[in-house]
Structure formats: structure tokens, C-alpha cells
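Source file: work.txt. Holds: compact mmCIF, C-alpha atoms.
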# COMPACT_ATOMS: atom_id res chain seq x y z
CA MET A 26 -14.50 19.91 2.46
CA ASP A 27 -13.45 17.76 5.42
CA GLN A 28 -9.69 17.98 5.04
CA SER A 29 -8.96 15.18 7.54
CA GLY A 30 -11.77 12.87 6.40
CA PHE A 31 -9.72 10.93 3.86
CA SER A 32 -7.15 9.76 6.39
CA ASP A 33 -9.88 8.88 8.90
CA ARG A 34 -11.83 6.84 6.33
CA LEU A 35 -8.66 5.09 5.20
CA LYS A 36 -7.62 4.12 8.73
CA HIS A 37 -11.14 2.89 9.48
CA LEU A 38 -11.18 0.73 6.36
CA LEU A 39 -7.76 -0.76 7.11
CA LYS A 40 -8.96 -1.71 10.58
CA GLN A 41 -12.32 -2.96 9.35
CA LYS A 42 -10.80 -5.11 6.60
CA LYS A 43 -7.83 -6.15 8.74
CA LYS A 44 -5.30 -4.81 6.23
CA THR A 45 -1.88 -3.50 7.18
CA GLN A 46 -0.12 -0.63 5.44
CA ALA A 47 2.29 -3.21 4.03
CA HIS A 48 -0.64 -5.14 2.52
CA VAL A 49 -1.86 -1.99 0.79
CA ALA A 50 1.58 -0.98 -0.45
CA THR A 51 2.18 -4.40 -2.01
CA ALA A 52 -1.28 -4.63 -3.54
CA ILE A 53 -1.23 -1.27 -5.34
CA GLY A 54 2.49 -1.12 -6.08
CA THR A 55 3.64 1.71 -3.82
CA SER A 56 5.73 2.11 -0.68
CA VAL A 57 4.76 1.67 2.97
CA PRO A 58 5.87 5.26 3.78
CA SER A 59 3.48 6.51 1.09
CA VAL A 60 0.56 4.61 2.63
CA HIS A 61 1.57 5.86 6.08
CA ARG A 62 1.60 9.43 4.75
CA TRP A 63 -1.94 8.98 3.43
CA THR A 64 -3.14 7.86 6.86
CA LYS A 65 -1.73 11.12 8.21
CA GLY A 66 -3.59 13.28 5.70
CA GLY A 67 -0.91 13.46 2.99
CA GLN A 68 -1.76 14.00 -0.66
CA ILE A 69 -2.52 10.99 -2.85
CA GLU A 70 -2.23 10.88 -6.64
CA TYR A 71 -5.34 10.06 -8.67
CA LYS A 72 -3.93 6.77 -10.00
CA ASN A 73 -3.06 5.57 -6.50
CA LEU A 74 -6.43 6.76 -5.21
CA ARG A 75 -8.30 4.65 -7.78
CA SER A 76 -6.09 1.61 -7.10
CA LEU A 77 -6.53 2.03 -3.34
CA ALA A 78 -10.32 2.29 -3.64
CA ASP A 79 -10.48 -0.78 -5.88
CA TYR A 80 -8.34 -2.77 -3.46
CA LEU A 81 -10.49 -1.79 -0.48
CA GLY A 82 -13.72 -2.25 -2.45
CA VAL A 83 -15.12 1.25 -2.00
CA ASN A 84 -16.16 4.20 -4.14
CA TRP A 85 -13.06 6.32 -4.82
CA ILE A 86 -15.03 9.57 -4.62
CA TRP A 87 -16.36 8.62 -1.20
CA LEU A 88 -12.91 7.49 -0.02
CA ARG A 89 -11.26 10.78 -0.96
CA TYR A 90 -14.05 13.31 -0.49
CA GLY A 91 -16.73 11.71 1.71
CA ASP A 92 -20.51 11.40 1.63
CA GLU A 93 -21.13 15.03 0.66
CA ALA A 94 -19.15 14.65 -2.56
CA VAL A 95 -21.00 11.44 -3.49
CA GLU A 96 -24.32 13.21 -2.91
CA SER A 97 -23.17 16.12 -5.08
CA VAL A 98 -22.27 13.76 -7.93
CA GLN A 99 -25.60 11.97 -7.64
CA GLN A 100 -27.42 15.29 -7.64
CA MET A 101 -25.60 16.38 -10.79
CA GLN A 102 -26.52 13.10 -12.48
CA THR A 103 -30.22 13.57 -11.75
CA GLU A 104 -30.50 17.11 -13.11
CA ASP A 105 -33.00 17.58 -15.90
CA ALA A 106 -31.92 17.34 -19.54
CA ALA A 107 -32.50 21.03 -20.26
CA ALA A 108 -30.14 22.14 -17.51
CA THR A 109 -27.57 19.60 -18.65
CA SER A 110 -27.78 20.91 -22.21
CA ARG A 111 -27.33 24.52 -21.09
CA ARG A 112 -24.38 23.58 -18.93
CA ARG A 113 -22.77 21.62 -21.78
CA GLU A 114 -23.15 24.58 -24.13
CA TYR A 115 -21.63 26.92 -21.55
CA LEU A 116 -18.72 24.56 -20.94
CA ASN A 117 -18.09 24.27 -24.68
CA GLN A 118 -17.86 28.04 -24.90
CA ILE A 119 -15.38 28.10 -22.04
CA MET A 120 -13.30 25.33 -23.60
CA ASP A 121 -13.20 27.12 -26.96
CA SER A 122 -12.04 30.29 -25.23
CA GLU A 123 -9.42 28.38 -23.23
CA ASN A 124 -8.13 26.63 -26.36
CA ARG A 125 -7.62 29.95 -28.11
CA MET A 126 -5.86 31.34 -25.06
CA ARG A 127 -3.61 28.28 -24.73
CA GLN A 128 -2.58 28.54 -28.38
CA ALA A 129 -1.63 32.17 -27.88
CA LEU A 130 0.35 31.35 -24.72
CA ASP A 131 2.15 28.47 -26.46
CA MET A 132 3.31 30.80 -29.20
CA ALA A 133 4.52 33.26 -26.53
CA ASP A 134 6.59 30.51 -24.80
CA ILE A 135 4.44 30.59 -21.68
CA VAL A 136 3.57 27.34 -19.92
CA THR A 137 0.07 27.04 -18.52
CA TRP A 138 -0.79 24.41 -15.94
CA GLU A 139 -3.48 23.24 -13.57
CA TRP A 140 -2.81 21.29 -10.38
CA ASN A 141 -5.66 19.41 -8.70
CA VAL A 142 -4.70 19.72 -5.03
CA LEU A 143 -7.17 16.98 -4.05
CA THR A 144 -5.91 14.21 -6.33
CA GLY A 145 -2.39 15.54 -6.95
CA SER A 146 -2.74 15.36 -10.74
CA VAL A 147 -1.15 18.12 -12.85
CA GLU A 148 -1.97 19.07 -16.42
CA CYS A 149 0.52 21.22 -18.35
CA SER A 150 0.35 22.82 -21.75
CA LYS A 151 2.06 20.80 -24.49
CA ASN A 152 5.06 23.13 -24.62
CA ALA A 153 6.05 22.48 -20.98
CA SER A 154 8.45 19.60 -21.65
CA THR A 155 10.22 21.52 -24.40
CA LEU A 156 10.56 24.83 -22.54
CA PHE A 157 11.68 23.18 -19.29
CA ASN A 158 13.98 20.77 -21.16
CA VAL A 159 12.73 17.78 -19.17
CA ASP A 160 10.96 14.52 -19.96
CA GLU A 161 7.21 14.58 -19.44
CA ASN A 162 7.54 12.24 -16.46
CA ALA A 163 9.72 14.89 -14.75
CA LEU A 164 6.75 17.24 -14.60
CA PRO A 165 5.65 18.84 -12.37
CA ASN A 166 8.53 18.30 -9.93
CA CYS A 167 10.81 20.78 -11.67
CA MET A 168 8.31 23.62 -11.38
CA LEU A 169 6.01 22.79 -8.45
CA PRO A 170 7.78 22.47 -5.06
CA TYR A 171 4.52 22.30 -3.08
CA THR A 172 3.25 18.78 -3.80
CA ASP A 173 4.00 17.55 -0.26
CA ASN A 174 2.30 20.47 1.50
CA THR A 175 -0.92 19.95 3.41
CA ILE A 176 -4.19 21.54 2.29
CA GLU A 177 -3.92 24.01 5.16
CA GLU A 178 -0.43 25.06 4.04
CA LEU A 179 -1.57 25.41 0.43
CA ILE A 180 -4.42 27.67 1.49
CA ASP A 181 -1.92 29.82 3.38
CA ILE A 182 0.46 29.94 0.40
CA PHE A 183 -1.99 30.30 -2.49
CA GLY A 184 -5.19 31.45 -0.83
CA ARG A 185 -4.48 35.17 -0.85
CA ASN A 186 -6.16 37.59 -3.23
CA ALA A 187 -2.95 38.18 -5.20
CA PRO A 188 -1.33 35.27 -7.08
CA HIS A 189 1.58 33.51 -5.39
CA VAL A 190 4.89 34.06 -7.24
CA TRP A 191 8.06 31.97 -7.11
CA ASP A 192 11.17 31.27 -9.21
CA PHE A 193 12.77 27.99 -10.23
CA SER A 194 15.48 26.96 -12.65
CA VAL A 195 16.39 24.04 -14.92
CA LYS A 196 19.43 23.08 -16.96
CA SER A 197 19.22 23.56 -20.73
CA SER A 198 20.58 21.02 -23.20
CA ASP A 199 23.91 22.86 -23.20
CA LYS A 200 23.99 22.77 -19.35
CA ALA A 201 23.18 26.46 -18.99
CA VAL A 202 20.90 27.51 -16.10
CA VAL A 203 17.53 28.73 -17.35
CA TRP A 204 15.29 30.58 -14.89
CA PHE A 205 11.49 30.71 -14.86
CA THR A 206 8.95 32.62 -12.81
CA SER A 207 5.62 31.06 -11.88
CA LYS A 208 2.43 32.86 -10.90
CA ALA A 209 -0.49 30.83 -9.56
CA LYS A 210 -3.62 31.03 -7.47
CA LEU A 211 -5.71 28.54 -5.49
CA TYR A 212 -9.37 28.21 -6.52
CA PHE A 213 -12.32 26.98 -4.48
CA ASP A 214 -15.63 25.37 -5.40
CA VAL A 215 -19.04 26.86 -4.60
CA SER A 216 -18.93 25.30 -1.14
CA GLY A 217 -15.62 26.97 -0.33
CA ARG A 218 -13.56 23.81 -0.70
CA PRO A 219 -10.07 24.17 -2.24
CA THR A 220 -9.91 22.32 -5.55
CA LYS A 221 -7.09 23.43 -7.84
CA VAL A 222 -4.17 25.74 -8.38
CA ILE A 223 -4.02 27.37 -11.80
CA GLY A 224 -0.82 29.04 -12.92
CA VAL A 225 1.56 30.12 -15.65
CA SER A 226 5.36 29.88 -15.94
CA PHE A 227 7.58 31.98 -18.16
CA GLU A 228 11.31 32.39 -18.66
CA THR A 229 13.07 35.18 -16.74
CA THR A 230 16.74 34.25 -17.24
CA LYS A 231 17.63 37.71 -18.54
CA ASN A 232 16.36 39.23 -15.29
CA LYS A 233 18.65 37.10 -13.13
CA VAL A 234 22.10 38.39 -12.21
CA ASP A 235 24.75 36.37 -10.35
CA ILE A 236 22.36 33.64 -9.24
CA PRO A 237 24.31 30.80 -7.51
CA SER A 238 24.08 27.64 -9.60
CA SER A 239 23.47 25.56 -6.48
CA THR A 240 19.92 26.93 -6.31
CA SER A 241 18.93 25.49 -9.65
CA VAL A 242 16.49 22.61 -10.00
CA LYS A 243 17.86 19.80 -12.15
CA PRO A 244 15.45 18.14 -14.57
Represent the supplied structure as C-alpha cells.
Amino acid sequence: MDQSGFSDRLKHLLKQKKKTQAHVATAIGTSVPSVHRWTKGGQIEYKNLRSLADYLGVNWIWLRYGDEAVESVQQMQTEDAAATSRRREYLNQIMDSENRMRQALDMADIVTWEWNVLTGSVECSKNASTLFNVDENALPNCMLPYTDNTIEELIDIFGRNAPHVWDFSVKSSDKAVVWFTSKAKLYFDVSGRPTKVIGVSFETTKNKVDIPSSTSVKP
């Protein structure tokens, strides 16, 4: 995937349509620094991506991923019905297996999550808000300190063979510090493009001794 293509396409569109970063920020309800960050290759959330594409009058897939991604989508849409049926059956089997696994992890007080590094969206298991003692809108900030990293930095952090491991903490309802450990790995599509980080988080408070409270992450 062309990692700098999004910012180049965005800057070209702004120039072509004679739109300033302030125009964009006002139109889609965000800040000028956020738009500026996008023109420099920063991550953009899915909701903002769709709003930005609508405002500029372009296909959001093309805006974010370029011509190759649009061609891939079109190719998938023109596949024959038999192949589509086989793929759907295979996906259903995967989903059934994942559902069973998620239920088991929920009962074991383990949070599972998936972060789309291209759109910035994060999906967590339903028990995440309860275990982390935060509102749903506070996710994933309490557990994922890498949302502002570039794609290149994410590949360096998560792209190794072994999962990347890090600790973070939150405050419980009684103000006690609760520690968690996360393990996650970056996954790539068939073309070698980074797509998502999949990970788990589990409590490790009992393993922490004399951890300074100043290192905790408040919900």
C-alpha cells in the first residue's frame, strides 16, 4: 500500500477544489490541526474519512487507499457466484469459531480487540468497558498508546514475528490502580499491506510491586 498516497491525494484535492484546511475543518466538524495532520500522512478515523470524502465529492476508498484498492473492490464484486458462496461459507465458519473463542475469553476476563490501522477504528469485546472501568467513548485511549504513530512506526513496533507486549493501568471505582498487560500483533493483507493490529489485554495487578502511581493511565 502507498503509505504516503492519502496525504498526496488530499493535498491535490484541496488545491484542485480551492479549499483551505479551515474550510474542511468547519465542514466536517473537526479541528484545523487534525486536517493539517492528515495532509502530513497522519491517521484519520473512519467517520472523518467518510465525511471528508463526501465533502470533497470523491470515493472514500480511493481517497484513503488509492486506485489499486478501488480496483480490488471492483474485482471482488465481479467474482462469480460460486466463489462468493464458498467464501461466505468459509467466513461463516470463521465467525462461528471466533464467537466461541470470544465467549470463552469474556468469561476469563480477557479483553479482545482489533484496531484497523488504516481507518483508526477499534473494536473491543463487550467486557472491555467493565474491566477497564471506563466509558465506552474512552476506548481505546486507555489501552492503546499508539494511535498517533505513523504506519512505518507501527510496522517497526508490531511487525516482528513475536507479539508486541506492553503494560497500562486504569483507576478502579474505588480509586485503586489496576494494571493490565496487552499482547498484539500487526497483520498484513495478501499484497503485504499493513491492515490491522489484533490483540488481547488481561489484568496483571498481582504481578506488579511498588509501581509508582504517576505511571497510571486515568480513564
Report task. With a distance cut-off of 6 Å and all atoms listed in the file, select the neighbouring residues of Phe205 in chain A, excluding the residue or stretch itself and same-chain residues fewer than 4 positions from it, and output the selection as a ChimeraX atom specification. Result -> /A:192-194,227-229
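Among the candidate residues A:Thr137, A:Gly91, A:Leu211, A:Ser56, the one lying nearest to Glu177 in chain A is A:Leu211, with distances computed using all atoms listed in the file.
All residues of protein, DNA or RNA that reach within 12 Å of Thr172 in chain A, judged by only C-alpha atoms and not counting those fewer than 2 positions away in the chain, are A:Gly67, A:Gln68, A:Ile69, A:Glu70, A:Trp140, A:Asn141, A:Val142, A:Leu143, A:Thr144, A:Gly145, A:Ser146, A:Val147, A:Leu164, A:Pro165, A:Asn166, A:Cys167, A:Met168, A:Leu169, A:Pro170, A:Asn174, A:Thr175, A:Ile176, A:Glu178, A:Leu179, A:Val222.
With distances restricted to all atoms listed in the file, A:Asn158 is the closest residue to Asp199 in chain A from A:Asn158, A:Gly82, A:Phe31, A:Asp181.
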Report summary line: Here CA of Ser76 in chain A and CA of Ala52 in chain A stand apart by 8.6 Å
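Residues having any atom no farther than 8 Å from (20.1, 17.7, -20.0) (counting all atoms listed in the file) are Asn158, Val159, Lys196, Ser197, Ser198, Asp199, Lys200 and Pro244 of chain A.
The nearest approach to Gly224 in chain A among the residues A:Ser59, A:Thr51, A:Thr206, A:Ser154, with all atoms listed in the file taken into account, belongs to A:Thr206.
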